[in-house]
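Data from entry_20.cif: mmCIF, C-alpha atoms and all ligand atoms
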data_model
loop_
_atom_site.label_atom_id
_atom_site.label_comp_id
_atom_site.auth_asym_id
_atom_site.auth_seq_id
_atom_site.Cartn_x
_atom_site.Cartn_y
_atom_site.Cartn_z
CA MET A 25 0.34 -19.20 -13.47
CA ILE A 26 1.66 -16.12 -15.34
CA PRO A 27 5.51 -16.25 -15.40
CA THR A 28 7.09 -13.32 -13.49
CA GLN A 29 9.07 -12.36 -16.64
CA GLN A 30 5.76 -11.15 -18.13
CA TYR A 31 5.91 -8.17 -15.77
CA GLY A 32 9.21 -7.11 -17.36
CA GLU A 33 12.77 -6.34 -16.23
CA PHE A 34 13.75 -2.68 -15.97
CA GLU A 35 16.72 -0.59 -14.96
CA THR A 36 15.93 1.41 -11.85
CA ALA A 37 17.08 4.68 -10.30
CA TRP A 38 17.27 3.05 -6.84
CA CYS A 39 20.45 2.89 -4.76
CA PRO A 40 22.16 -0.53 -4.68
CA GLY A 41 20.90 -2.43 -1.62
CA CYS A 42 17.63 -0.49 -1.31
CA GLY A 43 14.71 -2.48 0.14
CA ASN A 44 12.60 -1.41 -2.85
CA PHE A 45 14.23 -4.13 -4.98
CA SER A 46 12.89 -7.03 -2.93
CA ILE A 47 9.45 -5.37 -2.69
CA ASN A 48 9.39 -5.14 -6.49
CA LYS A 49 10.34 -8.82 -6.69
CA ALA A 50 7.60 -9.74 -4.19
CA VAL A 51 4.97 -7.74 -6.10
CA LYS A 52 5.85 -9.61 -9.31
CA LYS A 53 5.71 -12.94 -7.50
CA ALA A 54 2.32 -12.05 -5.99
CA LEU A 55 0.86 -11.02 -9.38
CA SER A 56 2.07 -14.29 -10.81
CA MET A 57 0.54 -16.26 -7.91
CA LEU A 58 -2.72 -14.35 -8.45
CA ASP A 59 -2.51 -15.39 -12.11
CA LEU A 60 -3.03 -11.81 -13.25
CA ALA A 61 -1.94 -10.91 -16.77
CA PRO A 62 -0.28 -7.43 -16.88
CA HIS A 63 -3.28 -5.81 -18.64
CA ARG A 64 -5.56 -6.80 -15.75
CA VAL A 65 -3.48 -4.92 -13.16
CA LEU A 66 -3.46 -1.21 -12.33
CA ILE A 67 -0.95 0.30 -9.93
CA CYS A 68 -1.39 3.95 -8.90
CA SER A 69 1.39 5.81 -7.15
CA GLY A 70 2.37 9.26 -5.93
CA ILE A 71 5.84 10.80 -5.79
CA GLY A 72 9.03 9.44 -4.21
CA GLN A 73 11.44 6.53 -4.66
CA ALA A 74 8.76 3.98 -3.73
CA ALA A 75 6.30 5.69 -6.06
CA LYS A 76 8.57 4.81 -8.99
CA SER A 77 7.79 1.12 -8.39
CA PRO A 78 5.07 0.79 -11.05
CA HIS A 79 7.50 2.29 -13.61
CA TYR A 80 9.54 -0.85 -13.09
CA LEU A 81 6.69 -3.25 -13.76
CA ARG A 82 4.91 -4.02 -17.01
CA CYS A 83 1.25 -3.31 -16.18
CA ASN A 84 -1.17 -0.35 -16.21
CA CYS A 85 0.21 2.54 -14.16
CA PHE A 86 -1.10 5.91 -13.01
CA ASN A 87 1.60 8.14 -11.53
CA GLY A 88 -0.06 11.10 -9.82
CA LEU A 89 0.91 13.87 -7.44
CA HIS A 90 2.69 13.45 -4.11
CA GLY A 91 0.20 11.94 -1.64
CA ARG A 92 -2.43 11.29 -4.29
CA SER A 93 -2.14 7.59 -5.14
CA LEU A 94 -5.46 6.60 -3.53
CA PRO A 95 -8.10 8.79 -5.29
CA PRO A 96 -7.37 7.47 -8.82
CA ALA A 97 -6.98 3.93 -7.48
CA GLN A 98 -10.41 3.97 -5.81
CA GLY A 99 -12.03 5.62 -8.86
CA ALA A 100 -10.59 3.01 -11.21
CA ALA A 101 -11.53 0.14 -8.91
CA LEU A 102 -15.12 1.40 -8.82
CA ALA A 103 -15.33 2.00 -12.56
CA ASN A 104 -13.74 -1.21 -13.76
CA THR A 105 -14.38 -4.45 -11.92
CA GLU A 106 -12.16 -6.24 -14.42
CA LEU A 107 -9.02 -4.58 -12.99
CA THR A 108 -7.15 -5.63 -9.86
CA VAL A 109 -6.11 -2.33 -8.34
CA PHE A 110 -3.16 -1.44 -6.13
CA ALA A 111 -1.75 1.84 -4.84
CA GLU A 112 1.95 1.81 -4.02
CA SER A 113 3.92 4.65 -2.45
CA GLY A 114 6.28 5.64 0.37
CA ASP A 115 5.42 6.38 3.98
CA GLY A 116 5.85 10.13 3.46
CA CYS A 117 3.57 10.14 0.43
CA SER A 118 1.01 7.84 2.07
CA TYR A 119 0.86 9.00 5.68
CA GLY A 120 2.13 12.61 5.36
CA GLU A 121 0.93 14.48 2.27
CA GLY A 122 -1.62 11.70 1.56
CA GLY A 123 -2.76 11.27 5.16
CA ASN A 124 -6.29 12.54 4.62
CA HIS A 125 -6.76 10.34 1.55
CA PHE A 126 -5.64 7.40 3.67
CA LEU A 127 -8.28 8.23 6.31
CA ALA A 128 -10.99 8.66 3.65
CA ALA A 129 -10.06 5.38 1.94
CA MET A 130 -10.25 3.49 5.22
CA ARG A 131 -13.73 4.89 5.91
CA ARG A 132 -14.92 4.29 2.35
CA ASN A 133 -13.59 0.74 2.03
CA VAL A 134 -13.37 0.23 -1.75
CA THR A 135 -11.83 -3.15 -2.68
CA MET A 136 -8.16 -2.46 -3.50
CA THR A 137 -4.73 -3.04 -1.96
CA TYR A 138 -2.49 -0.32 -0.55
CA LEU A 139 1.22 -1.19 -0.49
CA VAL A 140 3.21 1.30 1.55
CA HIS A 141 7.02 1.18 1.43
CA ASP A 142 7.65 2.32 5.01
CA ASN A 143 11.34 3.27 5.24
CA GLN A 144 10.62 5.68 8.10
CA ILE A 145 12.26 8.54 6.17
CA TYR A 146 11.79 10.75 3.11
CA GLY A 147 14.15 9.01 0.65
CA LEU A 148 13.79 10.98 -2.58
CA THR A 149 14.24 14.33 -0.84
CA LYS A 150 17.33 13.05 0.96
CA GLY A 151 16.49 12.04 4.48
CA GLN A 152 14.06 14.35 6.27
CA ALA A 153 11.95 12.70 8.99
CA SER A 154 8.66 11.22 7.77
CA PRO A 155 5.49 10.62 9.82
CA THR A 156 6.81 7.19 10.87
CA THR A 157 10.32 8.26 11.95
CA ALA A 158 10.89 7.40 15.63
CA GLN A 159 10.66 10.18 18.19
CA GLY A 160 14.14 11.43 19.06
CA GLN A 161 15.78 10.05 15.88
CA THR A 162 18.27 12.54 14.44
CA THR A 163 18.48 13.27 10.74
CA LYS A 164 20.37 15.91 8.73
CA PHE A 165 17.22 18.02 8.95
CA GLN A 166 16.26 17.21 12.54
CA PRO A 167 19.72 17.42 14.18
CA GLY A 168 18.14 17.79 17.61
CA GLY A 169 15.95 14.70 17.07
CA VAL A 170 12.36 14.32 15.88
CA ALA A 171 10.02 16.06 18.33
CA SER A 172 6.71 14.41 17.40
CA MET A 173 5.61 10.87 18.19
CA PRO A 174 5.49 8.53 15.17
CA PHE A 175 2.27 7.74 13.32
CA ASN A 176 1.21 4.08 13.64
CA PRO A 177 -0.60 3.22 10.37
CA VAL A 178 -1.34 -0.35 11.39
CA ALA A 179 -3.00 0.66 14.67
CA VAL A 180 -5.03 3.36 12.92
CA ALA A 181 -6.18 0.85 10.27
CA VAL A 182 -7.21 -1.67 12.93
CA THR A 183 -9.08 1.08 14.81
CA MET A 184 -10.93 1.89 11.58
CA ASP A 185 -11.90 -1.79 11.12
CA VAL A 186 -10.06 -1.96 7.77
CA PRO A 187 -10.87 -5.47 6.49
CA PHE A 188 -7.25 -6.56 5.88
CA VAL A 189 -4.26 -5.11 7.72
CA ALA A 190 -0.77 -6.56 7.45
CA ARG A 191 2.77 -5.56 8.32
CA ALA A 192 5.60 -6.99 6.24
CA TYR A 193 9.36 -6.73 5.99
CA ALA A 194 10.96 -6.12 2.57
CA ALA A 195 13.79 -8.62 3.05
CA GLU A 196 11.23 -11.40 3.63
CA ALA A 197 10.13 -11.29 -0.03
CA ASP A 198 8.29 -14.64 -0.12
CA HIS A 199 6.37 -13.83 3.06
CA LEU A 200 5.54 -10.40 1.60
CA ALA A 201 4.35 -11.94 -1.69
CA ASP A 202 2.03 -14.24 0.25
CA LEU A 203 0.61 -11.26 2.21
CA ILE A 204 0.02 -9.32 -1.03
CA VAL A 205 -1.89 -12.29 -2.47
CA GLN A 206 -4.08 -12.53 0.64
CA ALA A 207 -4.63 -8.74 0.62
CA ALA A 208 -5.66 -8.69 -3.05
CA ARG A 209 -8.12 -11.56 -2.52
CA HIS A 210 -9.78 -10.01 0.54
CA PRO A 211 -12.95 -7.97 -0.15
CA GLY A 212 -12.62 -4.32 0.86
CA PHE A 213 -9.66 -2.01 1.47
CA ALA A 214 -6.40 -3.78 2.34
CA LEU A 215 -3.27 -2.19 3.83
CA VAL A 216 0.16 -3.83 3.69
CA ASP A 217 2.65 -1.64 5.53
CA ILE A 218 6.09 -2.84 4.37
CA LEU A 219 9.17 -2.08 6.48
CA GLN A 220 11.83 -1.13 3.96
CA PRO A 221 15.48 -0.27 4.66
CA CYS A 222 16.66 2.97 3.00
CA VAL A 223 20.40 2.31 2.95
CA SER A 224 21.32 5.87 1.95
CA PHE A 225 19.40 8.04 4.41
CA ASN A 226 18.12 5.95 7.31
CA LYS A 227 21.11 4.75 9.28
CA VAL A 228 18.97 3.65 12.25
CA ASN A 229 16.37 1.27 10.75
CA THR A 230 18.90 -0.89 8.89
CA TYR A 231 18.65 -4.52 7.69
CA ALA A 232 20.38 -5.58 10.93
CA TRP A 233 17.95 -3.49 13.03
CA TYR A 234 14.87 -5.07 11.40
CA LYS A 235 16.36 -8.58 11.38
CA GLN A 236 16.89 -8.40 15.12
CA ARG A 237 13.29 -7.31 15.75
CA CYS A 238 10.91 -8.70 13.11
CA TYR A 239 9.21 -11.99 13.91
CA LYS A 240 6.45 -13.79 11.99
CA LEU A 241 3.05 -14.24 13.61
CA GLY A 242 2.36 -17.95 14.06
CA PRO A 243 -0.78 -20.03 13.49
CA GLU A 244 -1.78 -19.55 17.16
CA TYR A 245 -2.44 -15.87 16.48
CA ASP A 246 -6.08 -15.09 15.57
CA PRO A 247 -6.22 -12.02 13.26
CA THR A 248 -10.03 -11.93 13.43
CA ASP A 249 -9.89 -10.95 17.12
CA TRP A 250 -9.98 -7.12 17.03
CA ALA A 251 -8.67 -6.64 20.58
CA SER A 252 -5.63 -8.90 19.98
CA ALA A 253 -5.02 -7.08 16.71
CA MET A 254 -4.97 -3.74 18.56
CA ARG A 255 -2.37 -5.13 20.97
CA LYS A 256 -0.23 -6.51 18.09
CA ALA A 257 -0.54 -3.24 16.20
CA GLN A 258 0.98 -1.41 19.19
CA GLU A 259 4.00 -3.72 19.26
CA PHE A 260 6.79 -1.78 17.56
CA GLY A 261 10.09 -1.70 19.44
CA ASP A 262 12.35 -4.55 20.50
CA GLN A 263 9.85 -6.90 18.87
CA ILE A 264 7.96 -6.19 15.63
CA PRO A 265 5.29 -8.70 14.52
CA ILE A 266 4.97 -9.27 10.76
CA GLY A 267 2.07 -11.05 9.06
CA VAL A 268 -1.69 -10.53 8.98
CA ILE A 269 -2.43 -8.33 11.99
CA TYR A 270 -6.17 -7.98 11.41
CA LYS A 271 -8.85 -9.53 9.24
CA GLY A 272 -12.34 -8.03 9.40
CA SER A 273 -15.54 -8.40 7.44
CA ARG A 274 -16.83 -4.84 6.95
CA PRO A 275 -18.79 -4.86 3.63
CA PRO A 276 -17.02 -3.05 0.79
CA PHE A 277 -18.20 0.31 -0.56
CA GLU A 278 -18.94 -0.99 -4.07
CA GLY A 279 -21.79 -3.15 -2.75
CA ARG A 280 -23.63 0.08 -1.94
CA ILE A 281 -23.34 1.55 -5.47
CA ASP A 282 -26.22 0.36 -7.67
CA ALA A 283 -24.56 1.02 -11.03
CA ARG A 284 -21.45 -0.82 -9.91
CA VAL A 285 -23.42 -3.84 -8.71
CA ARG A 286 -25.05 -4.21 -12.15
CA ARG A 287 -21.92 -4.07 -14.33
CA PRO A 288 -18.47 -2.39 -14.62
CA LEU A 289 -18.99 1.30 -15.51
CA ALA A 290 -16.03 0.96 -17.87
CA THR A 291 -18.01 -1.39 -20.13
CA SER A 292 -21.39 0.36 -19.96
CA LYS A 293 -22.64 2.14 -23.10
CA PRO A 294 -23.73 5.70 -22.34
CA ASP A 295 -27.08 6.77 -23.84
CA LEU A 296 -26.04 9.95 -25.69
CA GLY A 297 -29.66 10.95 -26.32
CA LYS A 298 -30.31 10.92 -22.56
CA LEU A 299 -27.11 12.91 -21.98
CA ALA A 300 -28.25 15.57 -24.49
CA GLU A 301 -31.59 15.74 -22.65
CA ILE A 302 -29.85 16.27 -19.31
CA LEU A 303 -27.55 18.95 -20.76
CA GLU A 304 -30.60 20.68 -22.21
CA THR A 305 -31.99 21.14 -18.68
CA TYR A 306 -28.94 23.31 -17.84
CA ALA A 307 -29.19 25.43 -21.00
C1 LIG B 401 3.01 18.56 -2.82
C2 LIG B 401 4.43 18.12 -2.74
N1 LIG B 401 5.11 18.30 -1.58
C3 LIG B 401 6.39 17.90 -1.48
C4 LIG B 401 7.02 17.34 -2.55
C5 LIG B 401 8.47 16.96 -2.44
N2 LIG B 401 8.64 15.55 -2.25
C6 LIG B 401 8.84 14.72 -3.29
S1 LIG B 401 9.08 13.13 -2.81
C7 LIG B 401 8.93 13.57 -1.19
C8 LIG B 401 9.09 12.57 -0.08
C9 LIG B 401 9.18 11.17 -0.50
O1 LIG B 401 9.25 10.35 0.64
P1 LIG B 401 8.42 9.05 0.76
O2 LIG B 401 7.04 9.25 0.33
O3 LIG B 401 8.61 8.51 2.14
O4 LIG B 401 9.06 8.10 -0.34
P2 LIG B 401 10.54 7.52 -0.53
O5 LIG B 401 11.25 8.47 -1.45
O6 LIG B 401 11.16 7.42 0.83
O7 LIG B 401 10.30 6.19 -1.16
C10 LIG B 401 8.69 14.92 -1.04
C11 LIG B 401 8.53 15.62 0.26
C12 LIG B 401 6.29 17.17 -3.74
N3 LIG B 401 6.82 16.58 -4.83
N4 LIG B 401 5.00 17.58 -3.81
S1 LIG B 402 17.32 6.95 -1.22
FE1 LIG B 402 16.75 5.25 0.11
S2 LIG B 402 14.67 4.71 -0.55
FE2 LIG B 402 15.58 5.91 -2.17
S3 LIG B 402 16.46 4.42 -3.59
FE3 LIG B 402 18.09 5.08 -2.18
S4 LIG B 402 18.05 3.55 -0.54
FE4 LIG B 402 16.12 3.40 -1.64
#
Is it possible to express this structure as structure tokens?
Ligand SMILES: Cc1ncc(C[n+]2csc(CCOP(=O)(O)OP(=O)(O)O)c2C)c(N)n1
Ligand code: SF4
Amino acid sequence: MIPTQQYGEFETAWCPGCGNFSINKAVKKALSMLDLAPHRVLICSGIGQAAKSPHYLRCNCFNGLHGRSLPPAQGAALANTELTVFAESGDGCSYGEGGNHFLAAMRRNVTMTYLVHDNQIYGLTKGQASPTTAQGQTTKFQPGGVASMPFNPVAVAVTMDVPFVARAYAAEADHLADLIVQAARHPGFALVDILQPCVSFNKVNTYAWYKQRCYKLGPEYDPTDWASAMRKAQEFGDQIPIGVIYKGSRPPFEGRIDARVRRPLATSKPDLGKLAEILETYA
């Protein structure tokens, strides 16, 4: 097993007490459990406090635009089978600005893991409502309360038959690490929506609020049953289930790409003579 110290120790720009710290710890633990050396891991992110996560981890990192963590992650996963690929960003970045990329990635189903720090608020930009903020919740920017109903990423992922769908809670770092390991090992697109307290700007969804509500799904729950998964995905109120909500078997996208089936594109040797010939046809 790779020791967690291999992934480095870094100073962060996060507020003391932020849920991002335990997510970072869980990611390191999961990489170690997966026995992945830092050079075999790629984490793509967008913009926000959560999106800084791969800066605080020694591995390959691609930090793109707000809402754009998924396109480079899927491209890299297709091009290089030798990498284990993650995208990691906040709920605003993932379900707001990046919402359409999320939909496309669920349809496409490339093998990779999407870790969303879901603090139900825009943290970096100081507390505006995000797509997952509860209806009626007041913020500095929505003093009359949020008018729209919240987006339910887990239910949408189950609807789309995403092969691995989990909900986790940041303060349960060992449980989260175990879910990340399962997600990374499952063929196809995997979503882990991680409930994460933002101690500075979300005064509703606090550690105490989550602790009172989150409960772990037990062995009696069957995540392969789509209808039960839909019911569990809808449960978000006085009780919030955490664990593997859904496990499906939709075949991954890469199995339908001939070049990818033969070998990693990253290691293939282009035939420059053939390329010159092709370019000639456009001259
Ligand atoms: C195209 C674009 N729109 C808006 C912004 C401003 N912006 C930066 S971070 C952010 C929200 C971050 O919230 P979230 O993704 O939930 O992450 P958190 O900071 O809470 O971890 C916004 C709106 C931007 N950088 N680019
Ligand atoms: S603003 Fe919120 S999400 Fe950002 S670092 Fe501070 S506590 Fe964490």
message = Between A:Met254, A:Ala181, A:Leu148, A:Ala207, which residue has the minimum interatomic distance to Phe126 (chain A), considering all atoms listed in the file?
response =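 Result for the nearest residue to Phe126 (chain A): A:Ala181.
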message = Give me the residues near Glu196 (chain A) as a VMD selection string, where near means some atom within 9 Å (using all atoms listed in the file) and where sequence neighbours in that chain fewer than 6 positions away do not count.
response = chain A and resid 46 to 47 50
message = Give me, as a PyMOL selection string, the set of residues whose atoms come within 7 Å of any atom of ligand LIG 401 (chain B), counting all atoms listed in the file.
response = chain A and resi 71-75+89-90+113-118+121+141-149+154
request  = State, in Å with one decimal place, the distance from CA of Lys240 (chain A) to CA of Ile266 (chain A).
outcome  =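 Separating CA of Lys240 (chain A) from CA of Ile266 (chain A) is a distance of 4.9 Å.
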Pick from A:Val223, A:Val186, A:Leu94, A:Ile218 nearest to ligand LIG 402 (chain B), counting only C-alpha atoms and all ligand atoms =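 For ligand LIG 402 (chain B), the nearest of the given residues is A:Val223.
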What are the nearest atom pairs, with distances in Å to one decimal, for all residues of region 141-247 of chain A that come at most 12 Å from region 101-112 of chain A, using all atoms listed in the file, set out by chain and rising residue number as JSON lines?
{"residue": "A:His141", "atom": "CA", "partner": "A:Glu112", "partner_atom": "CA", "distance": 7.5}
{"residue": "A:Asp142", "atom": "CA", "partner": "A:Glu112", "partner_atom": "CA", "distance": 10.7}
{"residue": "A:Ile204", "atom": "CA", "partner": "A:Phe110", "partner_atom": "CA", "distance": 9.9}
{"residue": "A:Val205", "atom": "CA", "partner": "A:Thr108", "partner_atom": "CA", "distance": 11.3}
{"residue": "A:Ala207", "atom": "CA", "partner": "A:Phe110", "partner_atom": "CA", "distance": 10.1}
{"residue": "A:Ala208", "atom": "CA", "partner": "A:Thr108", "partner_atom": "CA", "distance": 7.6}
{"residue": "A:Arg209", "atom": "CA", "partner": "A:Thr108", "partner_atom": "CA", "distance": 9.5}
{"residue": "A:His210", "atom": "CA", "partner": "A:Thr108", "partner_atom": "CA", "distance": 11.6}
{"residue": "A:Pro211", "atom": "CA", "partner": "A:Thr108", "partner_atom": "CA", "distance": 11.5}
{"residue": "A:Gly212", "atom": "CA", "partner": "A:Ala101", "partner_atom": "CA", "distance": 10.8}
{"residue": "A:Phe213", "atom": "CA", "partner": "A:Phe110", "partner_atom": "CA", "distance": 10.0}
{"residue": "A:Ala214", "atom": "CA", "partner": "A:Phe110", "partner_atom": "CA", "distance": 9.4}
{"residue": "A:Leu215", "atom": "CA", "partner": "A:Ala111", "partner_atom": "CA", "distance": 9.7}
{"residue": "A:Val216", "atom": "CA", "partner": "A:Glu112", "partner_atom": "CA", "distance": 9.7}
{"residue": "A:Asp217", "atom": "CA", "partner": "A:Glu112", "partner_atom": "CA", "distance": 10.2}
{"residue": "A:Ile218", "atom": "CA", "partner": "A:Glu112", "partner_atom": "CA", "distance": 10.4}
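Distances here use all atoms listed in the file; by that measure, the residue among A:Leu200, A:Val140, A:Cys39, A:Met25 closest to ligand LIG 402 (chain B) is A:Cys39.
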task = Fewer than 5 positions away in the same chain doesn't count, so skip those; otherwise give me all residues within 9 Å of region 228-237 of chain A, counting all atoms listed in the file, as a PyMOL selection string.
result = chain A and resi 43+143-144+161+193+195+219-223+260-265
Write to file, as a PDB file, in the coordinates of the input, the residues of the selection just made, with C-alpha atoms.
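The result, stored in again-v4.pdb:
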ATOM      1  CA  GLY A  43      14.710  -2.480   0.140  1.00  0.00           C
ATOM      2  CA  ASN A 143      11.340   3.270   5.240  1.00  0.00           C
ATOM      3  CA  GLN A 144      10.620   5.680   8.100  1.00  0.00           C
ATOM      4  CA  GLN A 161      15.780  10.050  15.880  1.00  0.00           C
ATOM      5  CA  TYR A 193       9.360  -6.730   5.990  1.00  0.00           C
ATOM      6  CA  ALA A 195      13.790  -8.620   3.050  1.00  0.00           C
ATOM      7  CA  LEU A 219       9.170  -2.080   6.480  1.00  0.00           C
ATOM      8  CA  GLN A 220      11.830  -1.130   3.960  1.00  0.00           C
ATOM      9  CA  PRO A 221      15.480  -0.270   4.660  1.00  0.00           C
ATOM     10  CA  CYS A 222      16.660   2.970   3.000  1.00  0.00           C
ATOM     11  CA  VAL A 223      20.400   2.310   2.950  1.00  0.00           C
ATOM     12  CA  PHE A 260       6.790  -1.780  17.560  1.00  0.00           C
ATOM     13  CA  GLY A 261      10.090  -1.700  19.440  1.00  0.00           C
ATOM     14  CA  ASP A 262      12.350  -4.550  20.500  1.00  0.00           C
ATOM     15  CA  GLN A 263       9.850  -6.900  18.870  1.00  0.00           C
ATOM     16  CA  ILE A 264       7.960  -6.190  15.630  1.00  0.00           C
ATOM     17  CA  PRO A 265       5.290  -8.700  14.520  1.00  0.00           C
TER      18      PRO A 265
END
Between CA of Gly70 (chain A) and CA of Glu278 (chain A) - distance in Å to one decimal =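 Separating CA of Glu278 (chain A) from CA of Gly70 (chain A) is a distance of 23.7 Å.
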Among the residues A:Val134, A:Cys238, A:Cys85, A:Lys164, the one that comes closest to Glu259 (chain A) [using all atoms listed in the file] =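 Between A:Val134, A:Cys238, A:Cys85, A:Lys164, the residue approaching Glu259 (chain A) most closely is A:Cys238.
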